[in-house]
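Everything on this sheet refers to the single structure shown next.
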Amino acid sequence: PHENVSTDVPVAASLLAPFVGLIGAKVWYAVLHPGPWRTALLGGWAVDGFLLVASIVVVASLVVLSLPVAAVLDAITPGLFLAVAIGRIGCFLAGCCAGRVTDSRFGVWSSDRRVGARRVPVQLLESGVGLVIASVATVVILTHVPRIDGLIFFGALAVYFGARHSLLRVRAERRDFLWRRSTVVA
């Protein structure tokens with residue numbers, strides 16, 4: 001509303017994006033975990049694929065409808081990263097994306113779907129990052145600080161992916177670069 005844009009169309013695009021984003025998350029997971037299609041279909045999800053595809057859908061929808069892309073992306077940033085924070089709690093409860101086994105007092109008992117042990121709480125740390133990003137973005141948006149449109153969204157993505165890829169180093173599963181792991185990319 002502060003940009004004099006009707007909220008109907010951006011809200012509709014924001015509601016469509018998660019459904020297409022889930023397809024992106026599943027495809028990204030399949031590329032990162034090559035093997036039988038059934039394993040990829042029934043296996044996990046990849047948040048990177050979700051964020052990429054959902055963002056593309058929102059941007060394409062806004063461009064087609066001649067709406068201010070950067071301003072709307074800024075407006076959806078808090079909700080997007082709140083969803084990431086909630087999703088990572090689901091990962092913790094499901095036992096996917098588990099951290100390495102640790103003796104640290106900061107370790108949390110969890111499972112990697114095979115072995116329960118005291119682990120680095122990678123999913124909860126990533127959830128916390130998403131929650132902090134959502135909170136900061138909300139404060140910046142609601143305080144009407146003069147800003148460059150799109151900076152909140154792209155800054156949030158940069159912070160999130162920086163934190164995420166730092167946390168990938170303490171996950172239990174082996175993490176190679178995409179082009180080394182996937183026969184599809186190779």
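Letters A, B, ... go to the chains of the structure tokens in the order shown; residues in each chain start at 1; ligands are counted from 1 in the same order.
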Proximity of region 58-78 of chain A to region 10-20 of chain A: per-residue shortest pair, 7 Å limit, only C-alpha atoms, as CSV:
residue,atom,partner,partner_atom,distance
A:Val58,CA,A:Ala13,CA,5.6
A:Ser61,CA,A:Ala13,CA,6.3
A:Val72,CA,A:Pro10,CA,6.9
Residue selection dump (all heavy atoms) as a PDB file, in the first residue's frame:
ATOM      1  N   VAL A  58       7.140 -15.319  -8.765  1.00  0.00           N
ATOM      2  CA  VAL A  58       6.642 -14.018  -8.317  1.00  0.00           C
ATOM      3  C   VAL A  58       7.125 -12.918  -9.251  1.00  0.00           C
ATOM      4  O   VAL A  58       6.340 -12.069  -9.685  1.00  0.00           O
ATOM      5  CB  VAL A  58       7.065 -13.726  -6.865  1.00  0.00           C
ATOM      6  CG1 VAL A  58       6.781 -12.290  -6.484  1.00  0.00           C
ATOM      7  CG2 VAL A  58       6.338 -14.660  -5.909  1.00  0.00           C
ATOM      8  N   SER A  61       5.299 -13.092 -12.615  1.00  0.00           N
ATOM      9  CA  SER A  61       3.913 -12.630 -12.469  1.00  0.00           C
ATOM     10  C   SER A  61       3.831 -11.117 -12.400  1.00  0.00           C
ATOM     11  O   SER A  61       2.976 -10.489 -13.025  1.00  0.00           O
ATOM     12  CB  SER A  61       3.282 -13.213 -11.203  1.00  0.00           C
ATOM     13  OG  SER A  61       3.306 -14.602 -11.218  1.00  0.00           O
ATOM     14  N   VAL A  72       7.533  -5.142  -4.323  1.00  0.00           N
ATOM     15  CA  VAL A  72       6.745  -6.293  -3.883  1.00  0.00           C
ATOM     16  C   VAL A  72       7.657  -7.372  -3.289  1.00  0.00           C
ATOM     17  O   VAL A  72       7.316  -7.997  -2.282  1.00  0.00           O
ATOM     18  CB  VAL A  72       5.890  -6.855  -5.037  1.00  0.00           C
ATOM     19  CG1 VAL A  72       5.190  -8.136  -4.629  1.00  0.00           C
ATOM     20  CG2 VAL A  72       4.874  -5.820  -5.487  1.00  0.00           C
TER      21      VAL A  72
END
Could you pull out the alpha helix (DSSP H) residues of chain A from DSSP and send them as a ChimeraX atom specification? /A:8-32,37-42,47-64,69-94,122-142,151-167,178-181
Output file for the residues above (C-alpha atoms, as a tab-separated table (two decimals), in the first residue's frame):
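Produced file result-v1.tsv, reproduced below:
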chain	number	residue	atom	x	y	z
A	8	ASP	CA	-4.75	-8.21	-4.76
A	9	VAL	CA	-2.38	-9.24	-7.55
A	10	PRO	CA	0.82	-9.47	-5.44
A	11	VAL	CA	-1.05	-11.56	-2.86
A	12	ALA	CA	-2.32	-13.87	-5.61
A	13	ALA	CA	1.22	-14.23	-7.00
A	14	SER	CA	2.51	-14.89	-3.48
A	15	LEU	CA	-0.08	-17.63	-3.01
A	16	LEU	CA	0.78	-19.28	-6.34
A	17	ALA	CA	4.55	-19.18	-5.82
A	18	PRO	CA	4.76	-21.74	-2.98
A	19	PHE	CA	3.03	-24.42	-5.02
A	20	VAL	CA	5.40	-23.98	-7.94
A	21	GLY	CA	8.27	-23.54	-5.46
A	22	LEU	CA	7.55	-26.99	-4.03
A	23	ILE	CA	8.05	-28.46	-7.48
A	24	GLY	CA	11.36	-26.59	-7.68
A	25	ALA	CA	12.35	-27.92	-4.26
A	26	LYS	CA	11.64	-31.49	-5.33
A	27	VAL	CA	13.51	-31.13	-8.65
A	28	TRP	CA	16.50	-29.49	-6.92
A	29	TYR	CA	16.57	-32.36	-4.41
A	30	ALA	CA	16.48	-34.89	-7.25
A	31	VAL	CA	19.41	-33.19	-8.98
A	32	LEU	CA	21.44	-33.12	-5.75
A	37	TRP	CA	13.27	-41.36	-9.64
A	38	ARG	CA	11.20	-42.99	-6.91
A	39	THR	CA	13.87	-42.18	-4.32
A	40	ALA	CA	13.92	-38.54	-5.42
A	41	LEU	CA	10.13	-38.35	-5.47
A	42	LEU	CA	9.71	-39.84	-2.01
A	47	VAL	CA	15.04	-25.12	0.21
A	48	ASP	CA	17.41	-23.62	-2.38
A	49	GLY	CA	15.20	-24.88	-5.20
A	50	PHE	CA	12.09	-23.61	-3.46
A	51	LEU	CA	13.49	-20.10	-2.98
A	52	LEU	CA	14.79	-19.90	-6.53
A	53	VAL	CA	11.65	-21.14	-8.30
A	54	ALA	CA	9.18	-19.31	-6.03
A	55	SER	CA	11.07	-16.04	-6.56
A	56	ILE	CA	11.11	-16.52	-10.32
A	57	VAL	CA	7.34	-17.16	-10.34
A	58	VAL	CA	6.64	-14.02	-8.32
A	59	VAL	CA	8.95	-11.89	-10.48
A	60	ALA	CA	7.46	-13.24	-13.72
A	61	SER	CA	3.91	-12.63	-12.47
A	62	LEU	CA	4.72	-9.07	-11.49
A	63	VAL	CA	6.53	-8.29	-14.75
A	64	VAL	CA	3.62	-9.61	-16.80
A	69	VAL	CA	8.84	-6.00	-8.83
A	70	ALA	CA	11.45	-4.81	-6.32
A	71	ALA	CA	8.92	-3.17	-3.97
A	72	VAL	CA	6.74	-6.29	-3.88
A	73	LEU	CA	9.76	-8.55	-3.32
A	74	ASP	CA	10.67	-6.41	-0.32
A	75	ALA	CA	7.13	-6.74	1.00
A	76	ILE	CA	7.11	-10.55	0.78
A	77	THR	CA	10.52	-10.99	2.40
A	78	PRO	CA	9.29	-11.32	6.02
A	79	GLY	CA	6.72	-13.96	5.11
A	80	LEU	CA	9.16	-15.90	2.96
A	81	PHE	CA	11.76	-16.16	5.69
A	82	LEU	CA	9.17	-16.90	8.36
A	83	ALA	CA	8.17	-19.86	6.17
A	84	VAL	CA	11.83	-20.92	5.98
A	85	ALA	CA	12.06	-20.74	9.79
A	86	ILE	CA	8.98	-22.92	10.19
A	87	GLY	CA	10.13	-25.35	7.50
A	88	ARG	CA	13.46	-25.91	9.22
A	89	ILE	CA	11.69	-26.86	12.43
A	90	GLY	CA	9.92	-29.49	10.33
A	91	CYS	CA	13.34	-30.72	9.17
A	92	PHE	CA	14.45	-31.05	12.79
A	93	LEU	CA	11.34	-33.04	13.71
A	94	ALA	CA	11.61	-35.25	10.61
A	122	VAL	CA	21.82	-27.29	12.22
A	123	GLN	CA	18.12	-27.18	11.41
A	124	LEU	CA	17.31	-25.09	14.47
A	125	LEU	CA	20.22	-22.73	13.78
A	126	GLU	CA	19.00	-22.25	10.22
A	127	SER	CA	15.49	-21.72	11.52
A	128	GLY	CA	16.84	-19.03	13.81
A	129	VAL	CA	18.56	-17.34	10.88
A	130	GLY	CA	15.27	-17.30	8.97
A	131	LEU	CA	13.45	-15.87	11.98
A	132	VAL	CA	16.03	-13.12	12.50
A	133	ILE	CA	15.90	-12.18	8.81
A	134	ALA	CA	12.09	-12.10	8.87
A	135	SER	CA	12.12	-9.94	12.02
A	136	VAL	CA	14.68	-7.45	10.73
A	137	ALA	CA	12.91	-7.18	7.36
A	138	THR	CA	9.60	-6.55	9.14
A	139	VAL	CA	11.08	-3.78	11.28
A	140	VAL	CA	12.73	-2.10	8.29
A	141	ILE	CA	9.52	-2.25	6.26
A	142	LEU	CA	7.24	-1.03	9.05
A	151	LEU	CA	17.53	-4.19	-1.27
A	152	ILE	CA	15.66	-5.88	1.59
A	153	PHE	CA	14.86	-8.96	-0.50
A	154	PHE	CA	18.28	-9.39	-2.09
A	155	GLY	CA	20.08	-8.53	1.15
A	156	ALA	CA	17.98	-11.11	2.99
A	157	LEU	CA	18.77	-13.74	0.35
A	158	ALA	CA	22.49	-12.97	0.57
A	159	VAL	CA	22.51	-13.22	4.38
A	160	TYR	CA	20.45	-16.40	4.34
A	161	PHE	CA	22.51	-18.20	1.71
A	162	GLY	CA	25.74	-17.12	3.41
A	163	ALA	CA	24.53	-18.51	6.74
A	164	ARG	CA	23.04	-21.61	5.11
A	165	HIS	CA	26.19	-22.55	3.25
A	166	SER	CA	28.25	-22.00	6.41
A	167	LEU	CA	25.91	-24.36	8.28
A	178	LEU	CA	26.53	-29.55	-7.12
A	179	TRP	CA	28.59	-30.29	-10.22
A	180	ARG	CA	30.59	-32.95	-8.36
A	181	ARG	CA	27.58	-34.79	-6.91
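All residues in region 1-185 of chain A with a DSSP state of strand (DSSP E or B), computed from the backbone, read Gly99, Val101, Val108, Trp109, Ser110, Ser111, Gly116, Ala117, Arg118, Arg119 and Arg171 of chain A.
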May I have the residues within 6 Å of region 108-113 of chain A as a PyMOL selection string, using only C-alpha atoms and disregarding those fewer than 2 positions away in the same chain? chain A and resi 95-96+98+115-119+121
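Between CA of Ala172 (chain A) and CA of Ser104 (chain A) the separation is 15.2 Å.
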Could you tell me which of A:Val101, A:Thr143, A:Leu65, A:Arg114 comes closest to Arg171 (chain A) if we count only C-alpha atoms? A:Val101
